[in-house]
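Structure data (compact mmCIF, N, CA and C atoms and all ligand atoms) from target.txt:
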```txt
# COMPACT_ATOMS: atom_id res chain seq x y z
N MET Q 1 191.17 140.35 80.18
CA MET Q 1 191.83 139.04 80.16
C MET Q 1 193.34 139.18 80.10
N LEU Q 2 193.82 140.23 79.39
CA LEU Q 2 195.27 140.44 79.34
C LEU Q 2 195.82 140.75 80.73
N ARG Q 3 195.04 141.49 81.53
CA ARG Q 3 195.48 141.74 82.91
C ARG Q 3 195.46 140.44 83.70
N TYR Q 4 194.41 139.67 83.52
CA TYR Q 4 194.14 138.52 84.37
C TYR Q 4 195.12 137.37 84.12
N GLU Q 5 195.47 137.14 82.87
CA GLU Q 5 196.31 135.99 82.52
C GLU Q 5 197.45 136.43 81.59
N ALA Q 6 198.40 137.16 82.11
CA ALA Q 6 199.48 137.68 81.29
C ALA Q 6 200.29 136.54 80.66
N PRO Q 7 200.38 136.50 79.32
CA PRO Q 7 201.13 135.41 78.67
C PRO Q 7 202.62 135.40 79.01
N ILE Q 8 203.16 136.58 79.31
CA ILE Q 8 204.55 136.65 79.79
C ILE Q 8 204.47 137.12 81.24
N GLN Q 9 204.68 136.20 82.15
CA GLN Q 9 204.48 136.52 83.57
C GLN Q 9 205.59 137.40 84.13
N GLY Q 10 206.77 137.33 83.54
CA GLY Q 10 207.85 138.15 84.07
C GLY Q 10 209.07 138.10 83.19
N LEU Q 11 209.93 139.10 83.35
CA LEU Q 11 211.20 139.13 82.61
C LEU Q 11 212.27 139.65 83.57
N TRP Q 12 213.45 139.88 83.00
CA TRP Q 12 214.59 140.24 83.84
C TRP Q 12 215.00 141.69 83.64
N ARG Q 13 215.51 142.30 84.68
CA ARG Q 13 216.08 143.64 84.60
C ARG Q 13 217.40 143.65 85.36
N ARG Q 14 218.31 144.55 84.94
CA ARG Q 14 219.56 144.74 85.67
C ARG Q 14 219.59 146.15 86.25
N ALA Q 15 219.87 146.28 87.51
CA ALA Q 15 219.91 147.60 88.15
C ALA Q 15 221.10 148.40 87.57
N THR Q 16 220.84 149.62 87.12
CA THR Q 16 221.91 150.43 86.53
C THR Q 16 222.59 151.30 87.59
N ARG Q 17 222.04 151.31 88.81
CA ARG Q 17 222.67 152.03 89.93
C ARG Q 17 222.14 151.47 91.24
N ASP Q 18 222.83 151.82 92.33
CA ASP Q 18 222.32 151.43 93.64
C ASP Q 18 220.98 152.12 93.85
N THR Q 19 220.02 151.39 94.36
CA THR Q 19 218.71 152.01 94.60
C THR Q 19 217.92 151.15 95.58
N GLU Q 20 216.72 151.57 95.85
CA GLU Q 20 215.85 150.81 96.73
C GLU Q 20 214.50 150.67 96.04
N LEU Q 21 213.94 149.50 96.10
CA LEU Q 21 212.66 149.26 95.42
C LEU Q 21 211.77 148.45 96.35
N GLY Q 22 210.65 149.04 96.70
CA GLY Q 22 209.72 148.32 97.58
C GLY Q 22 210.38 147.87 98.87
N GLY Q 23 211.28 148.71 99.41
CA GLY Q 23 211.92 148.38 100.68
C GLY Q 23 213.10 147.42 100.54
N VAL Q 24 213.44 147.04 99.31
CA VAL Q 24 214.57 146.13 99.09
C VAL Q 24 215.73 146.91 98.48
N ARG Q 25 216.92 146.79 99.08
CA ARG Q 25 218.09 147.49 98.56
C ARG Q 25 218.66 146.73 97.37
N LEU Q 26 218.95 147.48 96.31
CA LEU Q 26 219.55 146.87 95.13
C LEU Q 26 220.89 147.53 94.87
N LYS Q 27 221.85 146.71 94.47
CA LYS Q 27 223.16 147.27 94.10
C LYS Q 27 223.26 147.31 92.58
N GLU Q 28 224.06 148.26 92.08
CA GLU Q 28 224.27 148.33 90.64
C GLU Q 28 224.72 146.95 90.12
N GLY Q 29 224.11 146.51 89.06
CA GLY Q 29 224.46 145.21 88.49
C GLY Q 29 223.57 144.08 88.97
N ASP Q 30 222.82 144.31 90.02
CA ASP Q 30 221.92 143.24 90.50
C ASP Q 30 220.90 142.89 89.42
N ILE Q 31 220.61 141.61 89.33
CA ILE Q 31 219.59 141.14 88.38
C ILE Q 31 218.30 140.91 89.16
N LEU Q 32 217.21 141.38 88.63
CA LEU Q 32 215.94 141.08 89.29
C LEU Q 32 214.91 140.60 88.28
N SER Q 33 214.00 139.82 88.81
CA SER Q 33 212.90 139.32 87.99
C SER Q 33 211.70 140.21 88.27
N VAL Q 34 211.26 140.93 87.25
CA VAL Q 34 210.05 141.75 87.43
C VAL Q 34 208.86 140.89 86.99
N ARG Q 35 207.87 140.82 87.84
CA ARG Q 35 206.76 139.90 87.60
C ARG Q 35 205.53 140.69 87.17
N PHE Q 36 205.35 140.77 85.85
CA PHE Q 36 204.20 141.50 85.31
C PHE Q 36 202.89 140.89 85.82
N GLY Q 37 202.87 139.55 85.89
CA GLY Q 37 201.65 138.86 86.32
C GLY Q 37 201.27 139.21 87.74
N ALA Q 38 202.27 139.33 88.62
CA ALA Q 38 201.98 139.69 90.01
C ALA Q 38 201.51 141.14 90.10
N ALA Q 39 202.17 142.03 89.33
CA ALA Q 39 201.74 143.44 89.33
C ALA Q 39 200.30 143.56 88.86
N ASN Q 40 199.93 142.72 87.92
CA ASN Q 40 198.57 142.78 87.38
C ASN Q 40 197.52 142.35 88.40
N ARG Q 41 197.98 141.72 89.47
CA ARG Q 41 197.03 141.30 90.52
C ARG Q 41 197.36 142.00 91.84
N ASP Q 42 198.01 143.15 91.74
CA ASP Q 42 198.35 143.93 92.94
C ASP Q 42 197.07 144.59 93.46
N PRO Q 43 196.65 144.23 94.70
CA PRO Q 43 195.40 144.80 95.21
C PRO Q 43 195.49 146.31 95.43
N ALA Q 44 196.72 146.85 95.51
CA ALA Q 44 196.85 148.31 95.65
C ALA Q 44 196.47 149.01 94.35
N MET Q 45 196.55 148.31 93.24
CA MET Q 45 196.19 148.89 91.94
C MET Q 45 194.81 148.43 91.49
N PHE Q 46 194.53 147.13 91.69
CA PHE Q 46 193.28 146.56 91.16
C PHE Q 46 192.46 146.00 92.33
N ALA Q 47 191.33 146.64 92.59
CA ALA Q 47 190.46 146.13 93.66
C ALA Q 47 189.98 144.74 93.29
N ASP Q 48 189.90 143.85 94.28
CA ASP Q 48 189.41 142.50 94.05
C ASP Q 48 190.12 141.87 92.84
N PRO Q 49 191.46 141.80 92.90
CA PRO Q 49 192.25 141.45 91.70
C PRO Q 49 192.01 140.06 91.15
N GLU Q 50 191.51 139.14 91.99
CA GLU Q 50 191.32 137.76 91.52
C GLU Q 50 190.04 137.61 90.69
N THR Q 51 189.28 138.68 90.57
CA THR Q 51 188.05 138.61 89.79
C THR Q 51 188.27 139.11 88.37
N LEU Q 52 187.83 138.31 87.40
CA LEU Q 52 187.89 138.73 85.99
C LEU Q 52 186.65 139.58 85.72
N ASP Q 53 186.84 140.88 85.67
CA ASP Q 53 185.72 141.80 85.54
C ASP Q 53 185.86 142.58 84.23
N PRO Q 54 185.09 142.23 83.20
CA PRO Q 54 185.23 142.91 81.91
C PRO Q 54 184.91 144.41 81.99
N GLU Q 55 184.21 144.82 83.04
CA GLU Q 55 183.85 146.23 83.17
C GLU Q 55 184.86 147.01 84.02
N ARG Q 56 185.93 146.37 84.44
CA ARG Q 56 186.90 147.03 85.31
C ARG Q 56 187.43 148.30 84.64
N ARG Q 57 187.30 149.42 85.33
CA ARG Q 57 187.62 150.70 84.68
C ARG Q 57 189.11 150.89 84.40
N ASN Q 58 189.96 150.39 85.30
CA ASN Q 58 191.40 150.64 85.12
C ASN Q 58 192.15 149.41 84.61
N ALA Q 59 191.42 148.47 83.98
CA ALA Q 59 192.08 147.23 83.51
C ALA Q 59 193.26 147.54 82.59
N ARG Q 60 193.17 148.66 81.88
CA ARG Q 60 194.25 148.98 80.93
C ARG Q 60 195.55 149.39 81.60
N ASN Q 61 195.55 149.51 82.92
CA ASN Q 61 196.80 149.83 83.62
C ASN Q 61 197.68 148.59 83.81
N HIS Q 62 197.30 147.47 83.18
CA HIS Q 62 198.08 146.24 83.35
C HIS Q 62 199.48 146.38 82.75
N LEU Q 63 200.38 145.47 83.15
CA LEU Q 63 201.76 145.50 82.65
C LEU Q 63 202.05 144.32 81.72
N THR Q 64 201.02 143.77 81.12
CA THR Q 64 201.18 142.57 80.29
C THR Q 64 202.11 142.79 79.10
N PHE Q 65 202.19 144.01 78.60
CA PHE Q 65 203.09 144.29 77.47
C PHE Q 65 204.40 144.93 77.95
N GLY Q 66 204.66 144.85 79.27
CA GLY Q 66 205.90 145.38 79.81
C GLY Q 66 205.80 146.86 80.12
N ALA Q 67 206.98 147.47 80.27
CA ALA Q 67 207.06 148.89 80.62
C ALA Q 67 208.43 149.41 80.26
N GLY Q 68 208.49 150.69 79.92
CA GLY Q 68 209.78 151.34 79.68
C GLY Q 68 210.27 151.17 78.25
N PRO Q 69 211.59 151.33 78.05
CA PRO Q 69 212.15 151.37 76.70
C PRO Q 69 211.91 150.10 75.89
N HIS Q 70 211.72 148.96 76.56
CA HIS Q 70 211.53 147.71 75.83
C HIS Q 70 210.07 147.29 75.75
N PHE Q 71 209.19 148.24 75.99
CA PHE Q 71 207.75 147.98 75.90
C PHE Q 71 207.45 147.29 74.56
N CYS Q 72 206.52 146.33 74.60
CA CYS Q 72 206.24 145.48 73.44
C CYS Q 72 205.90 146.30 72.18
N VAL Q 73 206.70 146.10 71.13
CA VAL Q 73 206.43 146.82 69.88
C VAL Q 73 205.27 146.19 69.12
N GLY Q 74 204.87 144.98 69.50
CA GLY Q 74 203.80 144.28 68.79
C GLY Q 74 202.43 144.45 69.42
N LYS Q 75 202.34 145.35 70.42
CA LYS Q 75 201.08 145.46 71.17
C LYS Q 75 199.88 145.70 70.26
N GLN Q 76 199.98 146.66 69.36
CA GLN Q 76 198.81 147.00 68.53
C GLN Q 76 198.42 145.83 67.63
N LEU Q 77 199.43 145.12 67.10
CA LEU Q 77 199.13 143.95 66.27
C LEU Q 77 198.46 142.87 67.12
N ALA Q 78 199.00 142.64 68.32
CA ALA Q 78 198.42 141.62 69.21
C ALA Q 78 196.96 141.95 69.53
N LEU Q 79 196.68 143.22 69.83
CA LEU Q 79 195.30 143.61 70.15
C LEU Q 79 194.39 143.42 68.95
N ALA Q 80 194.88 143.77 67.76
CA ALA Q 80 194.07 143.62 66.55
C ALA Q 80 193.76 142.14 66.30
N GLU Q 81 194.77 141.27 66.52
CA GLU Q 81 194.56 139.83 66.32
C GLU Q 81 193.54 139.29 67.31
N LEU Q 82 193.66 139.70 68.56
CA LEU Q 82 192.72 139.22 69.59
C LEU Q 82 191.30 139.69 69.29
N GLN Q 83 191.17 140.96 68.92
CA GLN Q 83 189.83 141.48 68.63
C GLN Q 83 189.21 140.76 67.44
N THR Q 84 190.01 140.51 66.41
CA THR Q 84 189.50 139.81 65.23
C THR Q 84 189.10 138.38 65.58
N ALA Q 85 189.99 137.67 66.30
CA ALA Q 85 189.72 136.27 66.63
C ALA Q 85 188.47 136.14 67.50
N PHE Q 86 188.36 136.95 68.53
CA PHE Q 86 187.21 136.83 69.42
C PHE Q 86 185.92 137.23 68.72
N ALA Q 87 185.98 138.24 67.86
CA ALA Q 87 184.78 138.65 67.13
C ALA Q 87 184.28 137.48 66.27
N ILE Q 88 185.20 136.76 65.61
CA ILE Q 88 184.80 135.63 64.76
C ILE Q 88 184.30 134.46 65.60
N PHE Q 89 185.01 134.16 66.71
CA PHE Q 89 184.51 133.10 67.62
C PHE Q 89 183.06 133.37 67.98
N LEU Q 90 182.80 134.59 68.44
CA LEU Q 90 181.47 134.89 68.97
C LEU Q 90 180.41 134.95 67.87
N GLU Q 91 180.86 135.26 66.66
CA GLU Q 91 179.93 135.32 65.54
C GLU Q 91 179.53 133.89 65.11
N ARG Q 92 180.50 132.98 65.10
CA ARG Q 92 180.25 131.64 64.54
C ARG Q 92 179.81 130.60 65.57
N MET Q 93 180.16 130.83 66.82
CA MET Q 93 179.89 129.81 67.84
C MET Q 93 179.08 130.45 68.95
N LYS Q 94 178.09 129.73 69.44
CA LYS Q 94 177.41 130.25 70.61
C LYS Q 94 177.52 129.23 71.74
N ASN Q 95 177.30 129.72 72.93
CA ASN Q 95 177.40 128.86 74.11
C ASN Q 95 178.77 128.19 74.21
N LEU Q 96 179.83 128.96 73.97
CA LEU Q 96 181.20 128.45 74.12
C LEU Q 96 181.41 128.01 75.57
N ARG Q 97 181.97 126.81 75.74
CA ARG Q 97 182.14 126.32 77.11
C ARG Q 97 183.27 125.29 77.16
N LEU Q 98 183.74 124.99 78.35
CA LEU Q 98 184.73 123.93 78.51
C LEU Q 98 184.05 122.60 78.24
N ALA Q 99 184.70 121.74 77.43
CA ALA Q 99 184.08 120.47 77.07
C ALA Q 99 184.14 119.47 78.22
N ARG Q 100 185.26 119.48 78.97
CA ARG Q 100 185.41 118.49 80.05
C ARG Q 100 185.85 119.16 81.35
N GLY Q 101 185.36 120.38 81.56
CA GLY Q 101 185.74 121.11 82.77
C GLY Q 101 187.25 121.29 82.84
N GLU Q 102 187.77 121.37 84.04
CA GLU Q 102 189.20 121.58 84.23
C GLU Q 102 190.04 120.40 83.69
N ASP Q 103 189.41 119.20 83.54
CA ASP Q 103 190.15 118.05 83.02
C ASP Q 103 190.58 118.27 81.57
N GLY Q 104 189.91 119.15 80.87
CA GLY Q 104 190.23 119.40 79.47
C GLY Q 104 191.20 120.55 79.27
N VAL Q 105 191.82 121.00 80.35
CA VAL Q 105 192.71 122.16 80.26
C VAL Q 105 194.08 121.81 80.83
N ASP Q 106 195.12 122.10 80.06
CA ASP Q 106 196.50 121.98 80.57
C ASP Q 106 197.13 123.37 80.56
N TRP Q 107 197.96 123.62 81.56
CA TRP Q 107 198.62 124.92 81.68
C TRP Q 107 200.12 124.78 81.52
N ALA Q 108 200.74 125.71 80.84
CA ALA Q 108 202.20 125.77 80.79
C ALA Q 108 202.70 126.18 82.17
N THR Q 109 203.74 125.54 82.64
CA THR Q 109 204.23 125.86 83.97
C THR Q 109 205.62 126.50 83.92
N ARG Q 110 205.95 127.12 82.79
CA ARG Q 110 207.26 127.76 82.69
C ARG Q 110 207.31 129.02 83.56
N TYR Q 111 208.53 129.48 83.83
CA TYR Q 111 208.71 130.62 84.73
C TYR Q 111 208.23 131.93 84.11
N SER Q 112 208.44 132.10 82.80
CA SER Q 112 208.04 133.35 82.16
C SER Q 112 206.82 133.16 81.26
N GLY Q 113 206.93 132.27 80.28
CA GLY Q 113 205.82 132.05 79.35
C GLY Q 113 204.68 131.33 80.06
N TYR Q 114 203.48 131.79 79.86
CA TYR Q 114 202.36 131.26 80.62
C TYR Q 114 201.14 131.16 79.72
N GLY Q 115 200.33 130.15 79.93
CA GLY Q 115 199.10 130.06 79.16
C GLY Q 115 198.65 128.62 79.06
N VAL Q 116 197.56 128.42 78.34
CA VAL Q 116 197.05 127.06 78.19
C VAL Q 116 197.75 126.39 77.02
N THR Q 117 198.07 125.11 77.19
CA THR Q 117 198.67 124.32 76.11
C THR Q 117 197.64 123.37 75.51
N ARG Q 118 196.55 123.17 76.22
CA ARG Q 118 195.46 122.34 75.71
C ARG Q 118 194.16 122.90 76.28
N LEU Q 119 193.17 123.07 75.39
CA LEU Q 119 191.91 123.66 75.83
C LEU Q 119 190.78 123.00 75.04
N GLU Q 120 190.10 122.09 75.69
CA GLU Q 120 189.02 121.37 75.01
C GLU Q 120 187.72 122.14 75.17
N MET Q 121 187.26 122.69 74.06
CA MET Q 121 186.07 123.54 74.09
C MET Q 121 184.91 122.84 73.38
N ALA Q 122 183.72 123.19 73.78
CA ALA Q 122 182.51 122.76 73.06
C ALA Q 122 181.71 124.03 72.73
N PHE Q 123 180.91 123.93 71.69
CA PHE Q 123 180.10 125.10 71.31
C PHE Q 123 178.92 124.63 70.48
N ASP Q 124 177.93 125.48 70.37
CA ASP Q 124 176.81 125.23 69.48
C ASP Q 124 176.99 126.12 68.27
N ARG Q 125 176.61 125.58 67.14
CA ARG Q 125 176.75 126.37 65.93
C ARG Q 125 175.77 127.54 65.95
N ASN Q 126 176.30 128.70 65.61
CA ASN Q 126 175.42 129.86 65.53
C ASN Q 126 174.87 129.92 64.11
N GLU Q 127 173.61 129.54 63.94
CA GLU Q 127 173.03 129.46 62.59
C GLU Q 127 173.07 130.81 61.88
N ALA Q 128 173.00 131.86 62.67
CA ALA Q 128 172.99 133.20 62.06
C ALA Q 128 174.39 133.61 61.61
N GLY Q 129 175.46 132.96 62.19
CA GLY Q 129 176.79 133.44 61.93
C GLY Q 129 177.47 132.81 60.73
C1 LIG Q 201 199.46 139.05 73.56
C2 LIG Q 201 200.58 139.13 72.82
C3 LIG Q 201 201.87 139.71 73.31
C4 LIG Q 201 202.31 139.91 74.61
C5 LIG Q 201 201.61 139.55 75.93
C6 LIG Q 201 203.63 140.52 74.52
C7 LIG Q 201 204.40 140.88 75.62
C8 LIG Q 201 205.64 141.46 75.56
C9 LIG Q 201 206.45 141.81 76.71
C10 LIG Q 201 206.07 141.60 78.18
C11 LIG Q 201 207.59 142.36 76.25
C12 LIG Q 201 208.77 142.88 77.09
C13 LIG Q 201 208.50 144.31 77.56
C14 LIG Q 201 209.48 144.77 78.60
O1 LIG Q 201 210.59 144.21 78.75
O2 LIG Q 201 209.15 145.75 79.32
C15 LIG Q 201 207.53 142.36 74.81
C16 LIG Q 201 208.53 142.83 73.98
C17 LIG Q 201 208.50 142.71 72.61
N1 LIG Q 201 207.46 142.28 71.85
FE1 LIG Q 201 205.67 141.56 72.51
N2 LIG Q 201 203.96 140.68 73.20
C18 LIG Q 201 202.93 140.23 72.43
C19 LIG Q 201 202.85 140.25 71.06
C20 LIG Q 201 203.84 140.68 70.22
C21 LIG Q 201 203.77 140.68 68.77
C22 LIG Q 201 202.53 140.24 67.97
C23 LIG Q 201 204.96 141.14 68.33
C24 LIG Q 201 205.48 141.34 66.94
C25 LIG Q 201 204.79 141.06 65.84
C26 LIG Q 201 205.78 141.44 69.48
C27 LIG Q 201 207.07 141.93 69.43
C28 LIG Q 201 207.84 142.30 70.53
C29 LIG Q 201 209.22 142.79 70.45
C30 LIG Q 201 210.05 142.97 69.18
C31 LIG Q 201 209.62 143.07 71.75
C32 LIG Q 201 210.99 143.61 72.21
C33 LIG Q 201 210.94 145.12 72.28
C34 LIG Q 201 212.27 145.68 72.78
O3 LIG Q 201 213.08 144.95 73.35
O4 LIG Q 201 212.48 146.89 72.61
N3 LIG Q 201 205.07 141.16 70.60
N4 LIG Q 201 206.34 141.81 74.41
```

Kindly present the structure from the file in structure tokens form.
Ligand code: HEM
Amino acid sequence: MLRYEAPIQGLWRRATRDTELGGVRLKEGDILSVRFGAANRDPAMFADPETLDPERRNARNHLTFGAGPHFCVGKQLALAELQTAFAIFLERMKNLRLARGEDGVDWATRYSGYGVTRLEMAFDRNEAG
């Protein structure tokens, strides 16, 4: 899911020297927007990138936490929070589903920050949980 829906779709970089990237010439000082979300759906890296496949072997090659010297220092905490939250969801609720289909979902449309701002869910109580 982190590959599929990167919460930070992109950030900015400044070229520290003249170079070429993906066939595009960059001059020292040029500002570019690196799009982690697009890289995460690069078909050269991820076969059938539009499919959310929990068994995907190389899913961990995603760039959702960035790359290089400014790589996210909170990655391990974020993963621990996600694992804890999902484990409790699945323990307490069964048959988790959208309550009103796509009508119950709103998406943030900002350039960098990305995600749902409203998510109407329905579930059945898991008596065992
Ligand atoms: C799913 C949750 C999170 C995502 C998707 C995320 C994503 C990112 C990304 C894309 C960057 C920039 C990396 C780059 O420029 O290459 C970043 C940097 C950073 N993140 Fe996170 N992050 C998450 C959670 C957290 C948490 C929980 C913390 C702290 C408790 C945190 C602290 C930081 C800090 C301090 C930086 C700046 C690091 C630097 O500039 O050297 N992040 N994060």

Using only the atoms of stretch 113-128 of chain Q listed in the file, plus 6 Å on each side, state the axis-aligned box centre and edge lengths in Å rounded to one decimal, as lines of an AutoDock Vina configuration file.
```
center_x = 190.0
center_y = 127.5
center_z = 71.1
size_x = 45.9
size_y = 24.2
size_z = 31.0
```

Can you work out which residues are within 10 Å of ligand LIG 201 (chain Q), considering only C-alpha atoms and all ligand atoms, and then hand them over as a CSV table (one decimal) with N, CA and C atoms, in the coordinates of the input?
```csv
chain,number,residue,atom,x,y,z
Q,2,LEU,N,193.8,140.2,79.4
Q,2,LEU,CA,195.3,140.4,79.3
Q,2,LEU,C,195.8,140.8,80.7
Q,3,ARG,N,195.0,141.5,81.5
Q,3,ARG,CA,195.5,141.7,82.9
Q,3,ARG,C,195.5,140.4,83.7
Q,5,GLU,N,195.5,137.1,82.9
Q,5,GLU,CA,196.3,136.0,82.5
Q,5,GLU,C,197.4,136.4,81.6
Q,6,ALA,N,198.4,137.2,82.1
Q,6,ALA,CA,199.5,137.7,81.3
Q,6,ALA,C,200.3,136.5,80.7
Q,7,PRO,N,200.4,136.5,79.3
Q,7,PRO,CA,201.1,135.4,78.7
Q,7,PRO,C,202.6,135.4,79.0
Q,8,ILE,N,203.2,136.6,79.3
Q,8,ILE,CA,204.6,136.6,79.8
Q,8,ILE,C,204.5,137.1,81.2
Q,9,GLN,N,204.7,136.2,82.2
Q,9,GLN,CA,204.5,136.5,83.6
Q,9,GLN,C,205.6,137.4,84.1
Q,10,GLY,N,206.8,137.3,83.5
Q,10,GLY,CA,207.8,138.2,84.1
Q,10,GLY,C,209.1,138.1,83.2
Q,11,LEU,N,209.9,139.1,83.4
Q,11,LEU,CA,211.2,139.1,82.6
Q,11,LEU,C,212.3,139.6,83.6
Q,12,TRP,N,213.4,139.9,83.0
Q,12,TRP,CA,214.6,140.2,83.8
Q,12,TRP,C,215.0,141.7,83.6
Q,13,ARG,N,215.5,142.3,84.7
Q,13,ARG,CA,216.1,143.6,84.6
Q,13,ARG,C,217.4,143.6,85.4
Q,34,VAL,N,211.3,140.9,87.2
Q,34,VAL,CA,210.0,141.8,87.4
Q,34,VAL,C,208.9,140.9,87.0
Q,35,ARG,N,207.9,140.8,87.8
Q,35,ARG,CA,206.8,139.9,87.6
Q,35,ARG,C,205.5,140.7,87.2
Q,36,PHE,N,205.4,140.8,85.8
Q,36,PHE,CA,204.2,141.5,85.3
Q,36,PHE,C,202.9,140.9,85.8
Q,37,GLY,N,202.9,139.6,85.9
Q,37,GLY,CA,201.6,138.9,86.3
Q,37,GLY,C,201.3,139.2,87.7
Q,63,LEU,N,200.4,145.5,83.2
Q,63,LEU,CA,201.8,145.5,82.6
Q,63,LEU,C,202.0,144.3,81.7
Q,64,THR,N,201.0,143.8,81.1
Q,64,THR,CA,201.2,142.6,80.3
Q,64,THR,C,202.1,142.8,79.1
Q,65,PHE,N,202.2,144.0,78.6
Q,65,PHE,CA,203.1,144.3,77.5
Q,65,PHE,C,204.4,144.9,78.0
Q,66,GLY,N,204.7,144.8,79.3
Q,66,GLY,CA,205.9,145.4,79.8
Q,66,GLY,C,205.8,146.9,80.1
Q,67,ALA,N,207.0,147.5,80.3
Q,67,ALA,CA,207.1,148.9,80.6
Q,67,ALA,C,208.4,149.4,80.3
Q,68,GLY,N,208.5,150.7,79.9
Q,68,GLY,CA,209.8,151.3,79.7
Q,68,GLY,C,210.3,151.2,78.2
Q,69,PRO,N,211.6,151.3,78.0
Q,69,PRO,CA,212.2,151.4,76.7
Q,69,PRO,C,211.9,150.1,75.9
Q,70,HIS,N,211.7,149.0,76.6
Q,70,HIS,CA,211.5,147.7,75.8
Q,70,HIS,C,210.1,147.3,75.8
Q,71,PHE,N,209.2,148.2,76.0
Q,71,PHE,CA,207.8,148.0,75.9
Q,71,PHE,C,207.4,147.3,74.6
Q,72,CYS,N,206.5,146.3,74.6
Q,72,CYS,CA,206.2,145.5,73.4
Q,72,CYS,C,205.9,146.3,72.2
Q,73,VAL,N,206.7,146.1,71.1
Q,73,VAL,CA,206.4,146.8,69.9
Q,73,VAL,C,205.3,146.2,69.1
Q,74,GLY,N,204.9,145.0,69.5
Q,74,GLY,CA,203.8,144.3,68.8
Q,74,GLY,C,202.4,144.4,69.4
Q,75,LYS,N,202.3,145.4,70.4
Q,75,LYS,CA,201.1,145.5,71.2
Q,75,LYS,C,199.9,145.7,70.3
Q,76,GLN,N,200.0,146.7,69.4
Q,76,GLN,CA,198.8,147.0,68.5
Q,76,GLN,C,198.4,145.8,67.6
Q,77,LEU,N,199.4,145.1,67.1
Q,77,LEU,CA,199.1,144.0,66.3
Q,77,LEU,C,198.5,142.9,67.1
Q,78,ALA,N,199.0,142.6,68.3
Q,78,ALA,CA,198.4,141.6,69.2
Q,78,ALA,C,197.0,142.0,69.5
Q,79,LEU,N,196.7,143.2,69.8
Q,79,LEU,CA,195.3,143.6,70.2
Q,79,LEU,C,194.4,143.4,69.0
Q,80,ALA,N,194.9,143.8,67.8
Q,80,ALA,CA,194.1,143.6,66.6
Q,80,ALA,C,193.8,142.1,66.3
Q,81,GLU,N,194.8,141.3,66.5
Q,81,GLU,CA,194.6,139.8,66.3
Q,81,GLU,C,193.5,139.3,67.3
Q,82,LEU,N,193.7,139.7,68.6
Q,82,LEU,CA,192.7,139.2,69.6
Q,82,LEU,C,191.3,139.7,69.3
Q,112,SER,N,208.4,132.1,82.8
Q,112,SER,CA,208.0,133.4,82.2
Q,112,SER,C,206.8,133.2,81.3
Q,113,GLY,N,206.9,132.3,80.3
Q,113,GLY,CA,205.8,132.0,79.4
Q,113,GLY,C,204.7,131.3,80.1
Q,114,TYR,N,203.5,131.8,79.9
Q,114,TYR,CA,202.4,131.3,80.6
Q,114,TYR,C,201.1,131.2,79.7
```

query: Within 5 Å of Q:Ala108, counting all atoms listed in the file, which residues qualify if same-chain residues fewer than 4 places away don't, as a ChimeraX atom specification?
result: /Q:115-117

Within 6 Å of stretch 85-95 of chain Q using all atoms listed in the file, minus same-chain residues under 6 positions, as a ChimeraX atom specification: /Q:122-126,129

message: I'd like to know which residues of chain Q are strand (DSSP E) (by DSSP, run on the backbone); could you write them as JSON, numbers by chain?
response: {"Q": [10, 11, 12, 13, 14, 19, 20, 21, 24, 25, 26, 31, 32, 33, 34, 35, 93, 94, 95, 96, 97, 98, 105, 106, 107, 116, 117, 118, 119, 121, 122, 123, 124, 125]}

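For the atom pair formed by atom CA of Q:Asp42 and atom CA of Q:Ala59, the distance is 11.8 Å, given to one decimal.
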
task: Write out as a PyMOL selection string all residues of chain Q that DSSP puts in helix (DSSP H, G or I) for this structure's backbone.
output: chain Q and resi 36-39+59-61+68-70+75-92+101-104

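Interatomic distance, atom N of Q:Arg97 against atom N of Q:Arg118: 15.0 Å.
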
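From atom C of Q:Thr51 back to atom N of Q:Ala39, the distance works out to 14.2 Å.
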
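With distances restricted to all atoms listed in the file, Q:His62 is the closest residue to Q:Asn40 from Q:His62, Q:Val24, Q:Thr16, Q:Asp106.
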
Could you pull stretch 79-92 of chain Q out of the block above and save it with C-alpha atoms, as a PDB file, in the first residue's frame?
```
ATOM      1  CA  LEU Q  79       5.849   1.156   9.875  1.00  0.00           C
ATOM      2  CA  ALA Q  80       5.318   0.190  13.522  1.00  0.00           C
ATOM      3  CA  GLU Q  81       2.244   2.459  13.729  1.00  0.00           C
ATOM      4  CA  LEU Q  82       0.766   1.038  10.527  1.00  0.00           C
ATOM      5  CA  GLN Q  83       1.368  -2.554  11.594  1.00  0.00           C
ATOM      6  CA  THR Q  84      -0.198  -1.931  15.004  1.00  0.00           C
ATOM      7  CA  ALA Q  85      -3.218  -0.070  13.592  1.00  0.00           C
ATOM      8  CA  PHE Q  86      -3.984  -2.635  10.890  1.00  0.00           C
ATOM      9  CA  ALA Q  87      -3.523  -5.565  13.274  1.00  0.00           C
ATOM     10  CA  ILE Q  88      -6.114  -4.019  15.640  1.00  0.00           C
ATOM     11  CA  PHE Q  89      -8.520  -3.140  12.791  1.00  0.00           C
ATOM     12  CA  LEU Q  90      -8.439  -6.708  11.546  1.00  0.00           C
ATOM     13  CA  GLU Q  91      -8.753  -8.153  15.033  1.00  0.00           C
ATOM     14  CA  ARG Q  92     -11.804  -6.061  16.014  1.00  0.00           C
TER      15      ARG Q  92
END
```
